[in-house]
file target-v2.cif (mmCIF, C-alpha atoms)
data_coords
loop_
_atom_site.group_PDB
_atom_site.id
_atom_site.type_symbol
_atom_site.label_atom_id
_atom_site.label_comp_id
_atom_site.auth_asym_id
_atom_site.auth_seq_id
_atom_site.Cartn_x
_atom_site.Cartn_y
_atom_site.Cartn_z
ATOM 1 C CA MET A 9 -48.850 -30.778 17.996
ATOM 2 C CA GLY A 10 -51.160 -28.162 19.495
ATOM 3 C CA ASP A 11 -52.496 -25.061 17.829
ATOM 4 C CA VAL A 12 -50.172 -22.773 19.810
ATOM 5 C CA GLU A 13 -47.061 -24.715 18.798
ATOM 6 C CA ASP A 14 -48.222 -24.753 15.175
ATOM 7 C CA VAL A 15 -48.617 -20.962 15.167
ATOM 8 C CA TRP A 16 -45.055 -20.419 16.447
ATOM 9 C CA ARG A 17 -43.649 -23.034 14.067
ATOM 10 C CA ARG A 18 -44.791 -20.871 11.122
ATOM 11 C CA LYS A 19 -43.220 -17.677 12.495
ATOM 12 C CA SER A 20 -39.949 -16.305 11.149
ATOM 13 C CA GLU A 21 -36.837 -16.211 13.314
ATOM 14 C CA GLN A 22 -37.191 -12.429 13.694
ATOM 15 C CA GLN A 23 -40.820 -12.824 14.822
ATOM 16 C CA LEU A 24 -39.701 -15.350 17.425
ATOM 17 C CA VAL A 25 -36.989 -13.003 18.697
ATOM 18 C CA ASP A 26 -39.453 -10.101 18.868
ATOM 19 C CA ALA A 27 -41.921 -12.267 20.776
ATOM 20 C CA PHE A 28 -39.232 -13.412 23.198
ATOM 21 C CA ARG A 29 -38.354 -9.818 24.043
ATOM 22 C CA CYS A 30 -41.846 -9.385 25.485
ATOM 23 C CA ILE A 31 -42.492 -13.011 26.449
ATOM 24 C CA GLU A 32 -44.110 -12.019 29.739
ATOM 25 C CA GLU A 33 -47.061 -10.661 27.711
ATOM 26 C CA TYR A 34 -47.955 -14.221 26.643
ATOM 27 C CA GLY A 35 -49.720 -16.819 28.714
ATOM 28 C CA VAL A 36 -48.036 -19.904 30.121
ATOM 29 C CA ASP A 37 -48.833 -21.946 26.993
ATOM 30 C CA GLY A 38 -47.556 -19.193 24.685
ATOM 31 C CA GLN A 39 -44.317 -18.821 26.647
ATOM 32 C CA ARG A 40 -43.785 -22.577 26.606
ATOM 33 C CA ALA A 41 -44.468 -22.727 22.836
ATOM 34 C CA ILE A 42 -42.061 -19.868 22.077
ATOM 35 C CA ARG A 43 -39.293 -21.461 24.126
ATOM 36 C CA ALA A 44 -39.996 -24.864 22.571
ATOM 37 C CA GLU A 45 -39.713 -23.359 19.080
ATOM 38 C CA PHE A 46 -36.314 -21.853 19.909
ATOM 39 C CA SER A 47 -35.241 -25.274 21.133
ATOM 40 C CA ARG A 48 -36.685 -27.091 18.093
ATOM 41 C CA ARG A 49 -34.811 -24.773 15.704
ATOM 42 C CA GLY A 50 -31.612 -25.060 17.752
ATOM 43 C CA LEU A 51 -31.515 -21.314 18.383
ATOM 44 C CA PRO A 52 -30.219 -19.797 21.609
ATOM 45 C CA GLU A 53 -32.729 -17.700 23.470
ATOM 46 C CA PRO A 54 -31.867 -14.054 22.910
ATOM 47 C CA SER A 55 -31.281 -11.572 25.659
ATOM 48 C CA LYS A 56 -34.260 -9.604 26.867
ATOM 49 C CA LYS A 57 -31.874 -6.748 27.581
ATOM 50 C CA PRO A 58 -33.009 -3.820 25.447
ATOM 51 C CA ILE A 59 -30.683 -1.889 23.199
ATOM 52 C CA THR A 60 -31.168 1.780 22.529
ATOM 53 C CA LEU A 61 -31.515 3.344 19.136
ATOM 54 C CA GLY A 62 -28.424 5.427 19.907
ATOM 55 C CA GLU A 63 -26.332 2.286 20.481
ATOM 56 C CA VAL A 64 -27.495 0.739 17.212
ATOM 57 C CA GLU A 65 -26.843 3.981 15.316
ATOM 58 C CA ALA A 66 -23.350 4.186 16.865
ATOM 59 C CA VAL A 67 -22.558 0.666 15.659
ATOM 60 C CA ALA A 68 -23.896 1.571 12.196
ATOM 61 C CA ARG A 69 -21.679 4.687 12.074
ATOM 62 C CA LEU A 70 -18.620 2.706 13.200
ATOM 63 C CA HIS A 71 -19.272 0.019 10.589
ATOM 64 C CA ARG A 72 -19.553 2.518 7.775
ATOM 65 C CA ARG A 73 -16.547 4.502 8.975
ATOM 66 C CA PHE A 74 -14.498 1.327 9.222
ATOM 67 C CA ALA A 75 -15.439 0.248 5.681
ATOM 68 C CA PHE A 76 -14.702 3.758 4.351
ATOM 69 C CA LEU A 77 -11.302 3.859 6.067
ATOM 70 C CA VAL A 78 -10.318 0.440 4.738
ATOM 71 C CA GLY A 79 -11.384 1.579 1.262
ATOM 72 C CA ALA A 80 -9.310 4.747 1.675
ATOM 73 C CA GLN A 81 -6.376 2.661 2.874
ATOM 74 C CA TRP A 82 -6.493 0.449 -0.200
ATOM 75 C CA SER A 83 -7.054 3.365 -2.585
ATOM 76 C CA SER A 84 -4.142 5.317 -1.148
ATOM 77 C CA LEU A 85 -1.906 2.230 -1.179
ATOM 78 C CA ILE A 86 -2.652 1.588 -4.848
ATOM 79 C CA GLY A 87 -2.276 5.293 -5.685
ATOM 80 C CA PHE A 88 0.993 5.518 -3.792
ATOM 81 C CA LEU A 89 2.409 2.493 -5.614
ATOM 82 C CA PHE A 90 1.191 3.840 -8.959
ATOM 83 C CA TRP A 91 2.624 7.349 -8.475
ATOM 84 C CA GLN A 92 5.705 6.289 -6.509
ATOM 85 C CA VAL A 93 7.984 7.066 -9.431
ATOM 86 C CA PRO A 94 6.954 10.639 -10.148
ATOM 87 C CA GLY A 95 7.055 11.817 -13.729
ATOM 88 C CA ASN A 96 5.947 15.393 -13.096
ATOM 89 C CA SER A 97 4.965 17.656 -10.206
ATOM 90 C CA THR A 98 1.288 16.599 -10.329
ATOM 91 C CA GLU A 99 2.226 12.972 -9.862
ATOM 92 C CA SER A 100 4.586 13.936 -7.036
ATOM 93 C CA ILE A 101 1.771 15.766 -5.238
ATOM 94 C CA LEU A 102 -0.570 12.800 -5.754
ATOM 95 C CA ALA A 103 2.076 10.429 -4.392
ATOM 96 C CA ILE A 104 2.516 12.629 -1.300
ATOM 97 C CA LEU A 105 -1.266 12.817 -0.766
ATOM 98 C CA CYS A 106 -1.633 9.061 -1.139
ATOM 99 C CA GLY A 107 1.303 8.428 1.220
ATOM 100 C CA THR A 108 -0.133 10.794 3.822
ATOM 101 C CA THR A 109 -3.574 9.201 3.549
ATOM 102 C CA LEU A 110 -2.006 5.771 3.858
ATOM 103 C CA LEU A 111 -0.173 6.770 7.039
ATOM 104 C CA LEU A 112 -3.332 8.255 8.540
ATOM 105 C CA THR A 113 -5.331 5.118 7.772
ATOM 106 C CA PHE A 114 -2.658 2.977 9.447
ATOM 107 C CA ILE A 115 -3.749 4.763 12.635
ATOM 108 C CA ALA A 116 -7.465 5.261 11.987
ATOM 109 C CA VAL A 117 -8.353 1.727 10.785
ATOM 110 C CA PRO A 118 -7.218 -0.107 13.961
ATOM 111 C CA MET A 119 -8.704 2.579 16.220
ATOM 112 C CA THR A 120 -12.087 2.420 14.494
ATOM 113 C CA GLY A 121 -11.921 -1.377 14.293
ATOM 114 C CA TYR A 122 -11.230 -1.571 18.023
ATOM 115 C CA LYS A 123 -14.190 0.695 18.823
ATOM 116 C CA LEU A 124 -16.455 -1.349 16.542
ATOM 117 C CA LEU A 125 -15.388 -4.709 17.953
ATOM 118 C CA ASN A 126 -15.747 -3.330 21.472
ATOM 119 C CA ALA A 127 -19.278 -2.070 20.697
ATOM 120 C CA LEU A 128 -20.146 -5.511 19.334
ATOM 121 C CA GLY A 129 -18.951 -7.133 22.561
ATOM 122 C CA VAL A 130 -16.164 -9.141 20.923
ATOM 123 C CA GLU A 131 -13.721 -10.630 23.398
ATOM 124 C CA SER A 132 -10.181 -9.225 23.180
ATOM 125 C CA PRO A 133 -10.770 -6.638 20.445
ATOM 126 C CA ARG A 134 -7.322 -5.122 21.037
ATOM 127 C CA GLY A 135 -5.410 -8.053 19.530
ATOM 128 C CA THR A 136 -7.606 -8.110 16.456
ATOM 129 C CA ALA A 137 -7.396 -4.348 16.043
ATOM 130 C CA VAL A 138 -3.594 -4.413 16.053
ATOM 131 C CA LEU A 139 -3.652 -6.747 13.044
ATOM 132 C CA MET A 140 -5.866 -4.258 11.180
ATOM 133 C CA ARG A 141 -2.794 -2.128 10.455
ATOM 134 C CA MET A 142 -2.160 -4.549 7.621
ATOM 135 C CA PRO A 143 -4.348 -3.529 4.669
ATOM 136 C CA LEU A 144 -5.135 -7.131 3.710
ATOM 137 C CA PHE A 145 -6.330 -7.962 7.222
ATOM 138 C CA GLY A 146 -8.443 -4.791 7.291
ATOM 139 C CA LEU A 147 -10.090 -5.802 4.024
ATOM 140 C CA LEU A 148 -10.732 -9.303 5.336
ATOM 141 C CA MET A 149 -12.252 -7.748 8.468
ATOM 142 C CA VAL A 150 -14.677 -5.657 6.401
ATOM 143 C CA LEU A 151 -15.735 -8.743 4.466
ATOM 144 C CA GLY A 152 -15.825 -10.976 7.550
ATOM 145 C CA MET A 153 -17.394 -8.503 9.966
ATOM 146 C CA ARG A 154 -20.708 -10.307 9.545
ATOM 147 C CA SER A 155 -19.369 -13.149 11.704
ATOM 148 C CA PHE A 156 -18.623 -10.713 14.526
ATOM 149 C CA ASN A 157 -22.098 -9.247 14.073
ATOM 150 C CA ALA A 158 -23.864 -12.592 14.295
ATOM 151 C CA GLN A 159 -23.837 -12.882 18.087
ATOM 152 C CA TRP A 160 -24.651 -9.193 18.600
ATOM 153 C CA SER A 161 -27.432 -9.440 16.041
ATOM 154 C CA ARG A 162 -28.998 -12.477 17.719
ATOM 155 C CA GLU A 163 -28.588 -10.923 21.153
ATOM 156 C CA TYR A 164 -30.503 -7.762 20.311
ATOM 157 C CA GLY A 165 -32.549 -8.776 17.267
ATOM 158 C CA VAL A 166 -30.882 -6.206 15.019
ATOM 159 C CA GLU A 167 -30.538 -7.037 11.320
ATOM 160 C CA VAL A 168 -26.975 -6.469 10.165
ATOM 161 C CA GLY A 169 -25.618 -6.251 6.618
ATOM 162 C CA LEU A 170 -22.140 -5.706 5.206
ATOM 163 C CA LEU A 171 -22.048 -2.108 6.459
ATOM 164 C CA GLY A 172 -23.616 -2.700 9.865
ATOM 165 C CA PRO A 173 -27.243 -2.463 10.976
ATOM 166 C CA THR A 174 -29.476 -2.146 7.926
ATOM 167 C CA ASP A 175 -31.332 1.076 7.163
ATOM 168 C CA GLU A 176 -34.638 -0.823 7.390
ATOM 169 C CA CYS A 177 -33.769 -2.023 10.880
ATOM 170 C CA LEU A 178 -32.774 1.497 11.959
ATOM 171 C CA GLN A 179 -36.034 2.869 10.562
ATOM 172 C CA ARG A 180 -38.074 0.237 12.451
ATOM 173 C CA LEU A 181 -36.238 1.100 15.677
ATOM 174 C CA ARG A 182 -36.901 4.824 15.132
ATOM 175 C CA GLU A 183 -40.613 4.149 14.527
ATOM 176 C CA ARG A 184 -40.786 1.913 17.596
ATOM 177 C CA GLN A 185 -39.125 4.628 19.696
ATOM 178 C CA LEU A 186 -41.634 7.221 18.457
ATOM 179 C CA ARG A 187 -44.517 4.962 19.534
ATOM 180 C CA ILE A 188 -43.177 4.518 23.073
ATOM 181 C CA PRO A 189 -44.850 7.095 25.317
ATOM 182 C CA ARG A 190 -42.415 9.229 27.267
ATOM 183 C CA SER A 191 -42.948 9.161 31.026
#

call {"tool": "encode", "arguments": {"input": "target-v2.cif", "output": "structure tokens"}}
result
Amino acid sequence: MGDVEDVWRRKSEQQLVDAFRCIEEYGVDGQRAIRAEFSRRGLPEPSKKPITLGEVEAVARLHRRFAFLVGAQWSSLIGFLFWQVPGNSTESILAILCGTTLLLTFIAVPMTGYKLLNALGVESPRGTAVLMRMPLFGLLMVLGMRSFNAQWSREYGVEVGLLGPTDECLQRLRERQLRIPRS
């Protein structure tokens, strides 16, 4: 094993992805070593297509909105079931508020889920979004959204957590954008 291959073998996956995005800056040996390391680790080569900070921030907003709406859906469902048999006027008002919120989330959750899946490049997001009307499926989607993020994350080298792109990743992208000279 040569020195160049050994250097890339010690790099993290994120460092490899970052290097691949500007692979033309490396010499022939460096390019070959980077590609060989992707192959050795069984990783697909990421896209060199850049993603804008605005696109990443939009996905982050959609993720958080989706999680909030699913939380509101569950809260209103539980509240509605709890206050369904009103004992006094306060409980009646709470039941009406919970029922109204529940109805609104039956519309907002699939719409937001569709936009999020579309932004992540998921094939046929419409069919999945329709199922999100069911509160249980919406909750499972929030918890399982990481699987939908995996391909998008690898493609663009964006770290994604439970609520979308991480704040650290967004901060790094903002700093990188500030360093790029405007032409």

call {"tool": "atom_distance", "arguments": {"input": "target-v2.cif", "atom1": "CA of Glu33 in chain A", "atom2": "CA of Arg49 in chain A"}}
result
22.2 Å

call {"tool": "atom_distance", "arguments": {"input": "target-v2.cif", "atom1": "CA of Tyr34 in chain A", "atom2": "CA of Leu181 in chain A"}}
result
22.2 Å

call {"tool": "closest_residue", "arguments": {"input": "target-v2.cif", "among": "A:Glu163, A:Phe74, A:Ile86, A:Leu170", "to": "Arg29 in chain A", "atoms": "all atoms listed in the file"}}
result
A:Glu163

call {"tool": "atom_distance", "arguments": {"input": "target-v2.cif", "atom1": "CA of Glu65 in chain A", "atom2": "CA of Ser83 in chain A"}}
result
26.7 Å

call {"tool": "resolve_selection", "arguments": {"input": "target-v2.cif", "expression": "the PyMOL selection byres ((chain A and resi 173) around 12)", "output": "ChimeraX atom specification"}}
result
/A:61-72,128,153-154,157-158,160-161,164-172,174-181

call {"tool": "resolve_selection", "arguments": {"input": "target-v2.cif", "expression": "the PyMOL selection byres ((chain A and resi 108-114) around 7)", "output": "PyMOL selection string"}}
result
chain A and resi 77+81+84-85+104-107+115-117+141

call {"tool": "axis_aligned_box", "arguments": {"input": "target-v2.cif", "around": "range 25-38 of chain A", "padding_each_side": "3 Å", "output": "JSON"}}
result
{"center_x": -43.4, "center_y": -15.7, "center_z": 24.4, "size_x": 18.7, "size_y": 18.6, "size_z": 17.4}

call {"tool": "build_atoms", "arguments": {"input": "target-v2.cif", "residues": "range 108-125 of chain A", "atoms": "N, CA and C atoms", "output": "mmCIF file, in the coordinates of the input"}}
result
data_model
loop_
_atom_site.group_PDB
_atom_site.id
_atom_site.type_symbol
_atom_site.label_atom_id
_atom_site.label_comp_id
_atom_site.auth_asym_id
_atom_site.auth_seq_id
_atom_site.Cartn_x
_atom_site.Cartn_y
_atom_site.Cartn_z
ATOM 1 N N THR A 108 0.393 10.211 2.584
ATOM 2 C CA THR A 108 -0.133 10.794 3.822
ATOM 3 C C THR A 108 -1.432 10.103 4.236
ATOM 4 N N THR A 109 -2.310 9.890 3.266
ATOM 5 C CA THR A 109 -3.574 9.201 3.549
ATOM 6 C C THR A 109 -3.309 7.788 4.053
ATOM 7 N N LEU A 110 -2.356 7.127 3.440
ATOM 8 C CA LEU A 110 -2.006 5.771 3.858
ATOM 9 C C LEU A 110 -1.517 5.760 5.308
ATOM 10 N N LEU A 111 -0.660 6.697 5.657
ATOM 11 C CA LEU A 111 -0.173 6.770 7.039
ATOM 12 C C LEU A 111 -1.304 7.044 8.021
ATOM 13 N N LEU A 112 -2.204 7.947 7.659
ATOM 14 C CA LEU A 112 -3.332 8.255 8.540
ATOM 15 C C LEU A 112 -4.254 7.046 8.719
ATOM 16 N N THR A 113 -4.459 6.297 7.643
ATOM 17 C CA THR A 113 -5.331 5.118 7.772
ATOM 18 C C THR A 113 -4.675 4.013 8.574
ATOM 19 N N PHE A 114 -3.333 3.969 8.601
ATOM 20 C CA PHE A 114 -2.658 2.977 9.447
ATOM 21 C C PHE A 114 -2.971 3.214 10.920
ATOM 22 N N ILE A 115 -3.355 4.427 11.263
ATOM 23 C CA ILE A 115 -3.749 4.763 12.635
ATOM 24 C C ILE A 115 -5.257 4.638 12.807
ATOM 25 N N ALA A 116 -6.007 5.179 11.854
ATOM 26 C CA ALA A 116 -7.465 5.261 11.987
ATOM 27 C C ALA A 116 -8.163 3.907 11.857
ATOM 28 N N VAL A 117 -7.689 3.030 10.979
ATOM 29 C CA VAL A 117 -8.353 1.727 10.785
ATOM 30 C C VAL A 117 -8.334 0.904 12.069
ATOM 31 N N PRO A 118 -7.186 0.685 12.727
ATOM 32 C CA PRO A 118 -7.218 -0.107 13.961
ATOM 33 C C PRO A 118 -8.015 0.563 15.084
ATOM 34 N N MET A 119 -7.941 1.902 15.165
ATOM 35 C CA MET A 119 -8.704 2.579 16.220
ATOM 36 C C MET A 119 -10.205 2.393 16.014
ATOM 37 N N THR A 120 -10.660 2.583 14.789
ATOM 38 C CA THR A 120 -12.087 2.420 14.494
ATOM 39 C C THR A 120 -12.491 0.956 14.631
ATOM 40 N N GLY A 121 -11.638 0.056 14.161
ATOM 41 C CA GLY A 121 -11.921 -1.377 14.293
ATOM 42 C C GLY A 121 -12.041 -1.794 15.746
ATOM 43 N N TYR A 122 -11.166 -1.266 16.591
ATOM 44 C CA TYR A 122 -11.230 -1.571 18.023
ATOM 45 C C TYR A 122 -12.553 -1.086 18.616
ATOM 46 N N LYS A 123 -12.929 0.154 18.298
ATOM 47 C CA LYS A 123 -14.190 0.695 18.823
ATOM 48 C C LYS A 123 -15.371 -0.139 18.358
ATOM 49 N N LEU A 124 -15.361 -0.550 17.092
ATOM 50 C CA LEU A 124 -16.455 -1.349 16.542
ATOM 51 C C LEU A 124 -16.527 -2.712 17.214
ATOM 52 N N LEU A 125 -15.388 -3.392 17.307
ATOM 53 C CA LEU A 125 -15.388 -4.709 17.953
ATOM 54 C C LEU A 125 -15.788 -4.608 19.418
#
